[in-house]
Amino acid sequence: MQNELNVVGIQADLVWENPEKNLAYFEEQIGSLPKNTDLVVLPEMFTTGFTMNPENIAEQMDGNSVLWMQKMATINKIALVGSLVIKENNTYCNRLVFVHPSGKIETYNKRHSFTLAGEDKVYTSGKKQVIVNFKGWKIKPLICYDLRFPVWTRNTDNYDLLIFMANWPVTRIKAWDTLLKARAIENISYVIGVNRTGKDANNYEYSGNSLIIDCLGEEISSLEKNETNILSTTLNKTAQDLIRKKLGFLNDRDSFKIDL
């Protein structure tokens, strides 16, 4: 087990439906990271922005973007995670792809489709939760709208780190800030939330507000509003485990079953 985990979130102004330009930008940013970086988190739909036009940009799991993620992970010896539009079995999904330094892939399909934007009419909702084991850390990766649903997020697996990637608009950014801290506090877990900046083709504005939060809800790394930059810190598993043991809150959690 690796006690310390060096984590990075890349807050970016995504180019609308242009995987080539977005991949080039993220490749440059990843190449500039410290050599001891362990985990890099990208925004939701990091190759395109939050589009409801999957027929224009969807890729398959052996497509260029996933191969690029594997290349970046193996060359830079990092774990790399982000979501993109995937076509599979004649349907589209908003799929989170977690690539290990070895090139191994684990995936999670967004459970809660954002009905306000019609995502439920375009993308197939996921039905499985995923816990990724990476360097002795148990990581639960989720996507944007999932943040509003605490039952789906509940720490029933003793995970150590919760990841959210998003295209969360500035009009509701207070909810983003508040809910990220709530998920950290109620689950006694580190939380990384990586959002985008800029304006998309639908004229929605994004201010970023990416955060890394400790298990008591305290910000340990953040970026300025509208800042295009890198968020980073070192997480300490022993420190978190000591807090969990001292407080014991997870021992009193409810048992429940989610019907899918």
# chains A, B, ... in the order shown; residues from 1 in each chain; ligands from 1

call {"tool": "residues_around", "arguments": {"residues": "Val85 in chain A", "least_positions_apart": "6", "cutoff": "7 Å", "atoms": "only C-alpha atoms", "output": "ChimeraX atom specification"}}
result
/A:45,54,58-59,92-95

call {"tool": "residues_around", "arguments": {"residues": "range 245-260 of chain A", "least_positions_apart": "2", "cutoff": "9 Å", "atoms": "only C-alpha atoms", "output": "NGL selection string"}}
result
:A and (127-128 or 151-152 or 155-156 or 158 or 186-188 or 240-243)

call {"tool": "residues_around", "arguments": {"residues": "range 208-223 of chain A", "least_positions_apart": "2", "cutoff": "6 Å", "atoms": "only C-alpha atoms", "output": "ChimeraX atom specification"}}
result
/A:181,184-185,188-197,206,225-226

call {"tool": "write_last_selection", "arguments": {"atoms": "all heavy atoms", "output": "compact mmCIF listing (two decimals), in the first residue's frame"}}
result
# COMPACT_ATOMS: atom_id res chain seq x y z
N LYS A 181 -18.52 19.29 -0.36
CA LYS A 181 -18.14 19.26 1.05
C LYS A 181 -19.05 18.35 1.85
O LYS A 181 -18.60 17.63 2.76
CB LYS A 181 -18.14 20.68 1.61
CG LYS A 181 -17.03 21.54 1.02
CD LYS A 181 -17.14 23.00 1.41
CE LYS A 181 -16.05 23.81 0.71
NZ LYS A 181 -16.16 25.26 0.97
N ALA A 184 -17.98 14.77 1.31
CA ALA A 184 -16.75 14.48 2.06
C ALA A 184 -17.06 14.24 3.54
O ALA A 184 -16.58 13.27 4.14
CB ALA A 184 -15.77 15.64 1.92
N ILE A 185 -17.88 15.10 4.12
CA ILE A 185 -18.18 15.01 5.55
C ILE A 185 -18.97 13.75 5.88
O ILE A 185 -18.65 13.02 6.81
CB ILE A 185 -18.96 16.27 6.00
CG1 ILE A 185 -18.06 17.51 5.91
CG2 ILE A 185 -19.49 16.10 7.42
CD1 ILE A 185 -18.82 18.82 6.03
N ILE A 188 -16.82 10.61 5.32
CA ILE A 188 -15.49 10.64 5.96
C ILE A 188 -14.43 10.25 4.92
O ILE A 188 -13.66 9.31 5.08
CB ILE A 188 -15.42 9.71 7.18
CG1 ILE A 188 -16.68 9.79 8.02
CG2 ILE A 188 -14.19 10.05 8.04
CD1 ILE A 188 -16.94 11.13 8.66
N SER A 189 -14.41 11.01 3.85
CA SER A 189 -13.54 10.65 2.72
C SER A 189 -12.98 11.89 2.04
O SER A 189 -13.65 12.93 1.95
CB SER A 189 -14.33 9.84 1.69
OG SER A 189 -13.54 9.55 0.55
N TYR A 190 -11.74 11.75 1.54
CA TYR A 190 -11.23 12.76 0.62
C TYR A 190 -12.15 12.83 -0.60
O TYR A 190 -12.69 11.81 -1.05
CB TYR A 190 -9.83 12.37 0.13
CG TYR A 190 -8.73 12.51 1.13
CD1 TYR A 190 -8.03 11.40 1.58
CD2 TYR A 190 -8.34 13.77 1.60
CE1 TYR A 190 -6.98 11.51 2.49
CE2 TYR A 190 -7.29 13.90 2.50
CZ TYR A 190 -6.62 12.77 2.95
OH TYR A 190 -5.58 12.90 3.84
N VAL A 191 -12.31 14.04 -1.14
CA VAL A 191 -13.10 14.25 -2.35
C VAL A 191 -12.33 15.15 -3.30
O VAL A 191 -11.78 16.18 -2.90
CB VAL A 191 -14.47 14.90 -2.03
CG1 VAL A 191 -15.20 15.27 -3.32
CG2 VAL A 191 -15.35 13.96 -1.21
N ILE A 192 -12.29 14.74 -4.56
CA ILE A 192 -11.75 15.58 -5.63
C ILE A 192 -12.90 15.91 -6.58
O ILE A 192 -13.58 15.00 -7.08
CB ILE A 192 -10.65 14.86 -6.43
CG1 ILE A 192 -9.50 14.43 -5.53
CG2 ILE A 192 -10.14 15.76 -7.56
CD1 ILE A 192 -8.46 13.60 -6.26
N GLY A 193 -13.13 17.20 -6.82
CA GLY A 193 -14.13 17.62 -7.79
C GLY A 193 -13.48 18.46 -8.87
O GLY A 193 -12.92 19.53 -8.57
N VAL A 194 -13.52 17.99 -10.12
CA VAL A 194 -12.87 18.71 -11.22
C VAL A 194 -13.94 19.15 -12.22
O VAL A 194 -14.62 18.32 -12.82
CB VAL A 194 -11.81 17.83 -11.92
CG1 VAL A 194 -11.20 18.59 -13.10
CG2 VAL A 194 -10.72 17.43 -10.93
N ASN A 195 -14.06 20.45 -12.37
CA ASN A 195 -15.05 21.06 -13.25
C ASN A 195 -14.33 21.82 -14.38
O ASN A 195 -13.14 22.10 -14.29
CB ASN A 195 -15.93 22.02 -12.44
CG ASN A 195 -17.16 22.49 -13.18
OD1 ASN A 195 -17.65 21.81 -14.08
ND2 ASN A 195 -17.66 23.66 -12.82
N ARG A 196 -15.07 22.17 -15.41
CA ARG A 196 -14.49 22.90 -16.54
C ARG A 196 -14.71 24.41 -16.37
O ARG A 196 -15.46 24.86 -15.50
CB ARG A 196 -15.09 22.45 -17.85
CG ARG A 196 -16.59 22.76 -17.99
CD ARG A 196 -17.05 22.76 -19.44
NE ARG A 196 -16.41 23.83 -20.19
CZ ARG A 196 -16.62 24.05 -21.49
NH1 ARG A 196 -17.46 23.29 -22.16
NH2 ARG A 196 -16.02 25.04 -22.12
N THR A 197 -14.09 25.18 -17.24
CA THR A 197 -14.30 26.63 -17.32
C THR A 197 -14.83 26.98 -18.71
O THR A 197 -15.00 26.11 -19.57
CB THR A 197 -13.00 27.40 -17.06
OG1 THR A 197 -12.04 27.04 -18.08
CG2 THR A 197 -12.42 27.07 -15.70
N TYR A 206 -19.21 28.27 -17.42
CA TYR A 206 -18.64 27.41 -16.38
C TYR A 206 -17.48 28.15 -15.71
O TYR A 206 -16.60 28.68 -16.40
CB TYR A 206 -18.14 26.09 -16.97
CG TYR A 206 -19.20 25.34 -17.75
CD1 TYR A 206 -19.38 25.60 -19.11
CD2 TYR A 206 -20.01 24.40 -17.14
CE1 TYR A 206 -20.36 24.93 -19.84
CE2 TYR A 206 -20.98 23.72 -17.86
CZ TYR A 206 -21.16 23.98 -19.21
OH TYR A 206 -22.13 23.32 -19.92
N LYS A 225 -11.88 31.34 -9.42
CA LYS A 225 -12.98 31.32 -10.38
C LYS A 225 -12.46 31.62 -11.78
O LYS A 225 -11.68 32.55 -11.98
CB LYS A 225 -14.02 32.35 -9.95
CG LYS A 225 -15.24 32.43 -10.85
CD LYS A 225 -16.20 33.49 -10.35
CE LYS A 225 -17.41 33.62 -11.26
NZ LYS A 225 -18.34 34.68 -10.80
N ASN A 226 -12.88 30.81 -12.74
CA ASN A 226 -12.53 30.95 -14.16
C ASN A 226 -11.06 30.71 -14.45
O ASN A 226 -10.60 30.96 -15.57
CB ASN A 226 -12.93 32.33 -14.69
CG ASN A 226 -14.42 32.58 -14.61
OD1 ASN A 226 -15.22 31.69 -14.90
ND2 ASN A 226 -14.81 33.77 -14.18

call {"tool": "residues_around", "arguments": {"residues": "range 97-114 of chain A", "least_positions_apart": "2", "cutoff": "7 Å", "atoms": "only C-alpha atoms", "output": "PyMOL selection string"}}
result
chain A and resi 69-70+73-74+77-83+93-95+116-120+125-127+129-130+142-143+145-146

call {"tool": "select_by_dssp", "arguments": {"residues": "range 55-204 of chain A", "states": "alpha helix (DSSP H)", "output": "ChimeraX atom specification"}}
result
/A:55-57,64-76,119-122,150-153,173-187

call {"tool": "residues_around", "arguments": {"residues": "Val15 in chain A", "least_positions_apart": "5", "cutoff": "12 Å", "atoms": "only C-alpha atoms", "output": "list in words"}}
result
Glu20, Lys21, Asn22, Leu23, Ala24, Tyr25, Phe26, Met45, Phe46, Thr47, Thr48, Gly49, Phe50, Thr51, Arg196, Thr197, Gly198, Lys199, Asp200 and Ala201 of chain A

call {"tool": "closest_atom_pairs", "arguments": {"of": "range 118-164 of chain A", "to": "range 2-6 of chain A", "cutoff": "8 Å", "atoms": "only C-alpha atoms", "output": "CSV"}}
result
residue,atom,partner,partner_atom,distance
A:Lys135,CA,A:Gln2,CA,5.5
A:Gly136,CA,A:Gln2,CA,5.9
A:Trp137,CA,A:Gln2,CA,7.6

call {"tool": "write_last_selection", "arguments": {"atoms": "C-alpha atoms", "output": "CSV table (one decimal), in the first residue's frame"}}
result
chain,number,residue,atom,x,y,z
A,135,LYS,CA,-1.8,1.6,-5.0
A,136,GLY,CA,-3.7,0.4,-1.9
A,137,TRP,CA,-6.4,3.1,-2.2

call {"tool": "atom_distance", "arguments": {"atom1": "CA of Asn229 in chain A", "atom2": "CA of Ile86 in chain A"}}
result
26.7 Å

call {"tool": "closest_residue", "arguments": {"among": "A:Pro19, A:Met52, A:Ile75, A:Gly63", "to": "Lys35 in chain A", "atoms": "only C-alpha atoms"}}
result
A:Ile75

call {"tool": "closest_residue", "arguments": {"among": "A:Phe134, A:Phe149, A:Trp16, A:Trp176", "to": "Leu161 in chain A", "atoms": "only C-alpha atoms"}}
result
A:Phe134

call {"tool": "residues_around", "arguments": {"residues": "Gly31 in chain A", "least_positions_apart": "4", "cutoff": "9 Å", "atoms": "only C-alpha atoms", "output": "list in words"}}
result
Phe26, Glu27, Met72 and Asn76 of chain A

call {"tool": "closest_residue", "arguments": {"among": "A:Thr91, A:Asn18, A:Ser207, A:Thr37", "to": "Asn167 in chain A", "atoms": "only C-alpha atoms"}}
result
A:Ser207

call {"tool": "closest_residue", "arguments": {"among": "A:Ala175, A:Ile163, A:Ile230, A:Ala239", "to": "Gln29 in chain A", "atoms": "only C-alpha atoms"}}
result
A:Ile230

call {"tool": "atom_distance", "arguments": {"atom1": "CA of Arg183 in chain A", "atom2": "CA of Trp168 in chain A"}}
result
16.3 Å

call {"tool": "select_by_dssp", "arguments": {"residues": "range 31-201 of chain A", "states": "strand (DSSP E)", "output": "ChimeraX atom specification"}}
result
/A:39-41,79-88,91-99,105-109,132-134,137-143,161-165,190-194,197-199

call {"tool": "closest_residue", "arguments": {"among": "A:Asn53, A:Phe164, A:Thr178, A:Leu147", "to": "Leu96 in chain A", "atoms": "only C-alpha atoms"}}
result
A:Phe164
